[in-house]
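One structure is given here, and the rest of the page talks about it.
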Amino acid sequence: FKREVRIRMNVDPTDPAYKSPWLHALYEKMANIRTYQRQCILVDIEGKGEGSLVVADSVAKRLRVFRGTRQTMEVPLPGESTALCCFHMDETNVPGIGVAIDGALYVFRRLRPETRYVVNDIATIKEEENHINCLATLPKLLS
């Protein structure tokens with residue numbers, strides 16, 4: 001059976017029929033940010049217990065940091081980001097922020113670039129390619 005689900009992501013808060021107490025950060029016109037959910041994280045940047053919203057702007061190629069409703073900092077990125085993650089690298093309370101950009105992982109601490117890991121291309125095996133192609137044609141065979 002087929003089931004179609006439609007989700008309305010960009011709701012216009014200025015619409016009179018719209019009533020919600022929540023801030024729609026992915027729609028906010030004044031912030032001028034183009035982003036996706038996988039590029040937004042809440043993190044305690046300095047390890048002091050103060051949470052901040054870190055957003056990767058896809059168009060401006062910048063990390064933007066918000067505390068409350070104000071932007072507090074901007075950090076330029078070397079390319080368009082794919083995803084963000086937060087993790088603890090050692091015993092300190094200062095987390096690292098991982099930013100995936102073009103086959104590399106950039107690690108920032110206190111919003112300063114610390115490390116860059118490059119993922120090398122992996123050669124695929126012919127047998128593996130055949131399995132992937134068979135799986136790709138499977139939906140056509142079932143319908």
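Labels for the structure tokens follow display order: chains A, B, ..., residues from 1 in each chain, ligands from 1.
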
Range 54-68 of chain A surroundings by only C-alpha atoms, 6 Å radius, close-in-sequence under 3 positions cut, as a PyMOL selection string: chain A and resi 33-35+39-41+71-77+79-80

Residues from last step as file, N, CA and C atoms, as a tab-separated table (two decimals), in the first residue's frame:
chain	number	residue	atom	x	y	z
A	33	ILE	N	18.53	33.69	7.05
A	33	ILE	CA	19.31	32.45	7.09
A	33	ILE	C	18.63	31.41	6.22
A	34	ARG	N	19.43	30.70	5.44
A	34	ARG	CA	18.94	29.54	4.68
A	34	ARG	C	19.60	28.32	5.31
A	35	THR	N	18.79	27.45	5.90
A	35	THR	CA	19.34	26.31	6.60
A	35	THR	C	18.37	25.14	6.59
A	39	GLN	N	21.30	21.18	10.21
A	39	GLN	CA	22.35	22.19	10.35
A	39	GLN	C	22.08	23.13	11.52
A	40	CYS	N	21.26	22.70	12.47
A	40	CYS	CA	20.95	23.48	13.67
A	40	CYS	C	21.20	22.61	14.89
A	41	ILE	N	21.96	23.13	15.86
A	41	ILE	CA	22.19	22.39	17.10
A	41	ILE	C	22.15	23.36	18.28
A	71	GLN	N	21.76	37.40	17.65
A	71	GLN	CA	22.95	36.75	17.09
A	71	GLN	C	24.16	37.32	17.79
A	72	THR	N	25.00	36.44	18.36
A	72	THR	CA	26.16	36.90	19.12
A	72	THR	C	27.46	36.76	18.36
A	73	MET	N	27.53	35.84	17.39
A	73	MET	CA	28.80	35.60	16.71
A	73	MET	C	28.56	35.00	15.34
A	74	GLU	N	29.53	35.20	14.45
A	74	GLU	CA	29.52	34.62	13.11
A	74	GLU	C	30.92	34.11	12.80
A	75	VAL	N	30.99	32.91	12.26
A	75	VAL	CA	32.28	32.31	11.91
A	75	VAL	C	32.21	31.88	10.44
A	76	PRO	N	33.15	32.34	9.59
A	76	PRO	CA	33.12	31.91	8.18
A	76	PRO	C	33.51	30.44	8.04
A	77	LEU	N	32.89	29.79	7.06
A	77	LEU	CA	33.17	28.39	6.76
A	77	LEU	C	33.85	28.30	5.40
A	79	GLY	N	33.27	26.26	3.01
A	79	GLY	CA	32.37	25.78	1.96
A	79	GLY	C	30.97	25.62	2.51
A	80	GLU	N	30.09	25.03	1.69
A	80	GLU	CA	28.71	24.82	2.10
A	80	GLU	C	28.62	23.58	2.99

Who sits within 12 Å of Gly103 in chain A, only C-alpha atoms, same chain under 4 positions skipped, as a ChimeraX atom specification: /A:79-83,99,116-122

Output file for the selection above: N, CA, C and O atoms, as a PDB file, in the first residue's frame:
ATOM      1  N   GLY A  79      33.271  26.257   3.012  1.00  0.00           N
ATOM      2  CA  GLY A  79      32.366  25.778   1.963  1.00  0.00           C
ATOM      3  C   GLY A  79      30.974  25.615   2.505  1.00  0.00           C
ATOM      4  O   GLY A  79      30.675  25.984   3.642  1.00  0.00           O
ATOM      5  N   GLU A  80      30.092  25.033   1.690  1.00  0.00           N
ATOM      6  CA  GLU A  80      28.710  24.818   2.103  1.00  0.00           C
ATOM      7  C   GLU A  80      28.624  23.581   2.991  1.00  0.00           C
ATOM      8  O   GLU A  80      29.071  22.502   2.614  1.00  0.00           O
ATOM      9  N   SER A  81      28.043  23.736   4.159  1.00  0.00           N
ATOM     10  CA  SER A  81      27.996  22.640   5.119  1.00  0.00           C
ATOM     11  C   SER A  81      26.852  21.675   4.801  1.00  0.00           C
ATOM     12  O   SER A  81      25.855  22.045   4.201  1.00  0.00           O
ATOM     13  N   THR A  82      27.043  20.433   5.224  1.00  0.00           N
ATOM     14  CA  THR A  82      26.041  19.396   5.037  1.00  0.00           C
ATOM     15  C   THR A  82      25.312  19.104   6.337  1.00  0.00           C
ATOM     16  O   THR A  82      24.102  18.940   6.347  1.00  0.00           O
ATOM     17  N   ALA A  83      26.054  19.054   7.446  1.00  0.00           N
ATOM     18  CA  ALA A  83      25.455  18.740   8.743  1.00  0.00           C
ATOM     19  C   ALA A  83      26.344  19.251   9.866  1.00  0.00           C
ATOM     20  O   ALA A  83      27.537  19.494   9.675  1.00  0.00           O
ATOM     21  N   VAL A  99      31.519  20.006  11.740  1.00  0.00           N
ATOM     22  CA  VAL A  99      30.838  20.540  10.563  1.00  0.00           C
ATOM     23  C   VAL A  99      31.295  19.738   9.351  1.00  0.00           C
ATOM     24  O   VAL A  99      32.492  19.710   9.047  1.00  0.00           O
ATOM     25  N   ARG A 116      40.923  19.345  11.068  1.00  0.00           N
ATOM     26  CA  ARG A 116      40.228  19.006   9.826  1.00  0.00           C
ATOM     27  C   ARG A 116      40.568  17.562   9.474  1.00  0.00           C
ATOM     28  O   ARG A 116      41.737  17.195   9.374  1.00  0.00           O
ATOM     29  N   TYR A 117      39.527  16.754   9.305  1.00  0.00           N
ATOM     30  CA  TYR A 117      39.699  15.364   8.903  1.00  0.00           C
ATOM     31  C   TYR A 117      39.171  15.216   7.483  1.00  0.00           C
ATOM     32  O   TYR A 117      38.041  15.588   7.201  1.00  0.00           O
ATOM     33  N   VAL A 118      39.998  14.661   6.598  1.00  0.00           N
ATOM     34  CA  VAL A 118      39.590  14.469   5.211  1.00  0.00           C
ATOM     35  C   VAL A 118      39.248  13.001   5.009  1.00  0.00           C
ATOM     36  O   VAL A 118      40.014  12.112   5.386  1.00  0.00           O
ATOM     37  N   VAL A 119      38.090  12.760   4.424  1.00  0.00           N
ATOM     38  CA  VAL A 119      37.649  11.395   4.136  1.00  0.00           C
ATOM     39  C   VAL A 119      38.052  11.076   2.707  1.00  0.00           C
ATOM     40  O   VAL A 119      37.605  11.731   1.765  1.00  0.00           O
ATOM     41  N   ASN A 120      38.896  10.092   2.550  1.00  0.00           N
ATOM     42  CA  ASN A 120      39.351   9.699   1.215  1.00  0.00           C
ATOM     43  C   ASN A 120      38.272   8.921   0.488  1.00  0.00           C
ATOM     44  O   ASN A 120      37.450   8.241   1.104  1.00  0.00           O
ATOM     45  N   ASP A 121      38.284   9.007  -0.832  1.00  0.00           N
ATOM     46  CA  ASP A 121      37.351   8.225  -1.629  1.00  0.00           C
ATOM     47  C   ASP A 121      37.673   6.744  -1.479  1.00  0.00           C
ATOM     48  O   ASP A 121      38.834   6.345  -1.497  1.00  0.00           O
ATOM     49  N   ILE A 122      36.640   5.950  -1.341  1.00  0.00           N
ATOM     50  CA  ILE A 122      36.813   4.513  -1.185  1.00  0.00           C
ATOM     51  C   ILE A 122      36.463   3.848  -2.508  1.00  0.00           C
ATOM     52  O   ILE A 122      35.392   4.074  -3.065  1.00  0.00           O
TER      53      ILE A 122
END

Residue neighbourhood Asp90 in chain A, 12 Å, only C-alpha atoms, exclusion window fewer than 5 positions, as a PyMOL selection string: chain A and resi 95-96+109
